[in-house]
$ cat my_file10.txt   # compact mmCIF, C-alpha atoms
# COMPACT_ATOMS: atom_id res chain seq x y z
CA MET A 1 -13.04 -16.38 -13.29
CA SER A 2 -11.72 -13.06 -14.53
CA ASP A 3 -8.28 -12.70 -16.13
CA ILE A 4 -7.99 -9.16 -14.76
CA ARG A 5 -5.34 -9.01 -12.07
CA ALA A 6 -4.49 -6.16 -9.74
CA LYS A 7 -1.15 -4.54 -10.43
CA VAL A 8 0.96 -4.33 -7.26
CA LEU A 9 4.19 -2.45 -6.54
CA LEU A 10 6.29 -3.82 -3.67
CA VAL A 11 8.58 -1.22 -2.08
CA ASP A 12 11.15 -2.50 0.41
CA ASP A 13 14.91 -2.24 0.84
CA ASP A 14 15.06 -5.94 1.81
CA ASP A 15 15.69 -7.84 -1.44
CA ASP A 16 14.74 -11.22 0.03
CA PHE A 17 11.42 -9.93 1.36
CA ARG A 18 10.51 -8.36 -2.00
CA HIS A 19 11.42 -11.54 -3.82
CA VAL A 20 9.47 -13.91 -1.54
CA LEU A 21 6.36 -11.72 -1.31
CA GLY A 22 6.48 -11.06 -5.04
CA GLU A 23 6.55 -14.78 -5.81
CA ARG A 24 3.63 -15.45 -3.48
CA LEU A 25 1.57 -12.68 -5.05
CA ARG A 26 2.40 -13.89 -8.57
CA HIS A 27 1.28 -17.36 -7.53
CA HIS A 28 -2.11 -15.78 -6.72
CA ARG A 29 -2.18 -14.14 -10.19
CA PHE A 30 -1.23 -10.59 -9.23
CA ASP A 31 0.87 -8.54 -11.64
CA VAL A 32 3.87 -7.57 -9.46
CA SER A 33 6.69 -5.08 -9.86
CA ASP A 34 9.09 -3.88 -7.20
CA ALA A 35 11.28 -1.02 -6.05
CA ALA A 36 14.23 -1.11 -3.67
CA ASP A 37 13.92 2.47 -2.41
CA GLY A 38 11.61 5.44 -2.20
CA ALA A 39 12.93 7.31 -5.23
CA GLU A 40 12.51 4.24 -7.43
CA ALA A 41 8.98 3.77 -6.05
CA VAL A 42 7.93 7.33 -6.84
CA ARG A 43 9.28 6.98 -10.40
CA ALA A 44 7.36 3.72 -10.79
CA VAL A 45 4.10 5.23 -9.56
CA ARG A 46 4.46 8.26 -11.82
CA GLY A 47 5.28 6.08 -14.82
CA ASP A 48 2.67 3.35 -14.45
CA ARG A 49 -0.92 4.57 -14.82
CA ASP A 50 -2.24 0.99 -14.42
CA LEU A 51 -0.85 0.53 -10.90
CA ASP A 52 -3.56 -0.40 -8.36
CA VAL A 53 -1.77 -1.06 -5.04
CA VAL A 54 1.54 -0.18 -3.38
CA VAL A 55 2.87 -2.28 -0.48
CA LEU A 56 5.24 0.18 1.17
CA ASP A 57 7.94 -0.32 3.81
CA LEU A 58 7.92 2.65 6.19
CA ARG A 59 11.54 2.24 7.35
CA MET A 60 14.02 2.54 4.51
CA PRO A 61 17.32 4.33 4.14
CA GLY A 62 17.19 7.66 2.33
CA THR A 63 13.61 8.73 1.70
CA ASP A 64 11.45 7.07 4.35
CA GLY A 65 8.12 5.43 3.65
CA GLU A 66 6.04 8.28 5.06
CA GLN A 67 7.58 10.75 2.61
CA VAL A 68 7.09 8.26 -0.23
CA LEU A 69 3.44 7.86 0.78
CA ARG A 70 2.91 11.64 0.64
CA GLU A 71 4.50 11.83 -2.81
CA ILE A 72 2.45 8.90 -4.12
CA LYS A 73 -0.78 10.45 -2.85
CA THR A 74 0.14 13.82 -4.37
CA HIS A 75 0.57 12.33 -7.85
CA ARG A 76 -1.84 9.37 -7.72
CA PRO A 77 -4.40 9.77 -4.87
CA GLU A 78 -6.48 6.89 -6.18
CA VAL A 79 -3.71 4.31 -5.69
CA GLN A 80 -4.18 2.23 -2.55
CA VAL A 81 -1.10 2.16 -0.31

$ encode --input "my_file10.txt" --output "structure tokens"
Amino acid sequence: MSDIRAKVLLVDDDDDFRHVLGERLRHHRFDVSDAADGAEAVRAVRGDRDLDVVVLDLRMPGTDGEQVLREIKTHRPEVQV
């Protein structure tokens, strides 16, 4: 069994959802970070070159998920969202 784990960013304005999903993913040996809004998510994606996957809420206050998706793909097209 490999020790390599996918690095996942959870992006959702619902704190409880991020917490519960994050714990479940950690239980399955994923490396998890999170962001509460789109701006924080874009900063995280730009700053973390090891990020593999983003789980993105489409409906958030401020910058919506579709705009965040476009920005992520502009800077890091290889990241799965």

$ residues_near_point --input "my_file10.txt" --point "(4.8, 4.4, -2.6)" --cutoff "6 Å" --atoms "all atoms listed in the file" --output "JSON, numbers by chain"
{"A": [41, 54, 56, 68, 69, 72]}

$ residues_around --input "my_file10.txt" --residues "Pro61 of chain A" --least-positions-apart "3" --cutoff "9 Å" --atoms "only C-alpha atoms" --output "ChimeraX atom specification"
/A:13,37-38,64

$ closest_residue --input "my_file10.txt" --among "A:Leu51, A:Val45, A:Leu58, A:Ala39" --to "Val8 of chain A" --atoms "all atoms listed in the file"
A:Leu51

$ residues_around --input "my_file10.txt" --residues "Arg29 of chain A" --least-positions-apart "3" --cutoff "8 Å" --atoms "all atoms listed in the file" --output "list in words"
Arg5, Leu25 and Arg26 of chain A

$ atom_distance --input "my_file10.txt" --atom1 "atom CA of Val32 of chain A" --atom2 "atom CA of Arg49 of chain A"
14.1 Å

$ atom_distance --input "my_file10.txt" --atom1 "atom CA of Pro77 of chain A" --atom2 "atom CA of Ala36 of chain A"
21.6 Å

$ atom_distance --input "my_file10.txt" --atom1 "atom CA of Asp31 of chain A" --atom2 "atom CA of Asp50 of chain A"
10.4 Å

$ closest_residue --input "my_file10.txt" --among "A:Val81, A:Leu10, A:Glu40, A:His75" --to "Thr63 of chain A" --atoms "only C-alpha atoms"
A:Glu40

$ closest_residue --input "my_file10.txt" --among "A:Glu78, A:Asp34, A:Asp52, A:Glu71" --to "Asp16 of chain A" --atoms "all atoms listed in the file"
A:Asp34

$ decode --input "my_file10.txt" --residues "chain A" --atoms "C-alpha atoms" --output "compact mmCIF listing (two decimals), in the first residue's frame"
# COMPACT_ATOMS: atom_id res chain seq x y z
CA MET A 1 0.00 0.00 0.00
CA SER A 2 1.38 3.37 -1.01
CA ASP A 3 1.85 6.22 1.46
CA ILE A 4 1.17 8.76 -1.28
CA ARG A 5 -2.14 10.50 -0.68
CA ALA A 6 -4.02 12.86 -2.94
CA LYS A 7 -4.12 16.43 -1.71
CA VAL A 8 -7.69 17.77 -1.65
CA LEU A 9 -9.01 21.30 -1.18
CA LEU A 10 -12.61 21.57 0.06
CA VAL A 11 -14.31 24.85 -0.86
CA ASP A 12 -17.68 25.54 0.75
CA ASP A 13 -19.21 28.35 2.79
CA ASP A 14 -20.88 25.78 5.09
CA ASP A 15 -18.42 25.22 7.95
CA ASP A 16 -20.14 22.05 9.17
CA PHE A 17 -20.08 20.46 5.71
CA ARG A 18 -16.37 21.24 5.26
CA HIS A 19 -15.58 19.84 8.68
CA VAL A 20 -17.54 16.58 8.26
CA LEU A 21 -16.34 15.88 4.72
CA GLY A 22 -12.79 16.78 5.67
CA GLU A 23 -12.81 14.31 8.56
CA ARG A 24 -14.19 11.55 6.35
CA LEU A 25 -11.55 12.16 3.70
CA ARG A 26 -8.77 12.25 6.31
CA HIS A 27 -10.05 8.93 7.63
CA HIS A 28 -9.43 7.55 4.12
CA ARG A 29 -5.88 8.98 4.18
CA PHE A 30 -6.37 12.04 1.99
CA ASP A 31 -4.41 15.19 2.75
CA VAL A 32 -7.19 17.78 3.20
CA SER A 33 -7.23 21.56 3.39
CA ASP A 34 -10.23 23.85 3.12
CA ALA A 35 -11.43 27.28 2.12
CA ALA A 36 -14.59 29.09 3.19
CA ASP A 37 -14.97 31.25 0.07
CA GLY A 38 -13.87 31.66 -3.51
CA ALA A 39 -11.11 34.19 -2.89
CA GLU A 40 -9.52 31.96 -0.25
CA ALA A 41 -9.79 28.99 -2.64
CA VAL A 42 -8.03 30.81 -5.47
CA ARG A 43 -5.22 31.87 -3.12
CA ALA A 44 -4.87 28.27 -1.93
CA VAL A 45 -4.70 26.88 -5.47
CA ARG A 46 -2.13 29.47 -6.52
CA GLY A 47 -0.02 28.82 -3.43
CA ASP A 48 -0.07 25.03 -3.32
CA ARG A 49 1.64 23.37 -6.29
CA ASP A 50 0.99 19.90 -4.79
CA LEU A 51 -2.80 20.22 -4.86
CA ASP A 52 -4.49 17.40 -6.82
CA VAL A 53 -8.26 17.89 -6.43
CA VAL A 54 -10.68 20.70 -5.54
CA VAL A 55 -14.20 19.90 -4.29
CA LEU A 56 -16.01 23.14 -5.09
CA ASP A 57 -19.40 24.45 -3.99
CA LEU A 58 -21.04 26.28 -6.90
CA ARG A 59 -23.33 28.46 -4.75
CA MET A 60 -21.42 30.70 -2.38
CA PRO A 61 -21.78 34.33 -1.41
CA GLY A 62 -19.41 36.73 -3.15
CA THR A 63 -17.49 34.99 -5.92
CA ASP A 64 -19.59 32.05 -7.07
CA GLY A 65 -18.20 28.61 -7.79
CA GLU A 66 -18.31 28.98 -11.57
CA GLN A 67 -16.04 32.04 -11.43
CA VAL A 68 -13.73 30.22 -9.00
CA LEU A 69 -13.60 27.25 -11.39
CA ARG A 70 -12.57 29.53 -14.28
CA GLU A 71 -9.83 31.12 -12.17
CA ILE A 72 -8.53 27.75 -10.98
CA LYS A 73 -8.39 26.41 -14.53
CA THR A 74 -6.62 29.57 -15.74
CA HIS A 75 -3.81 29.16 -13.20
CA ARG A 76 -3.74 25.37 -12.72
CA PRO A 77 -5.50 23.56 -15.62
CA GLU A 78 -4.18 20.20 -14.47
CA VAL A 79 -6.01 20.32 -11.12
CA GLN A 80 -9.19 18.24 -11.10
CA VAL A 81 -12.25 20.16 -9.92
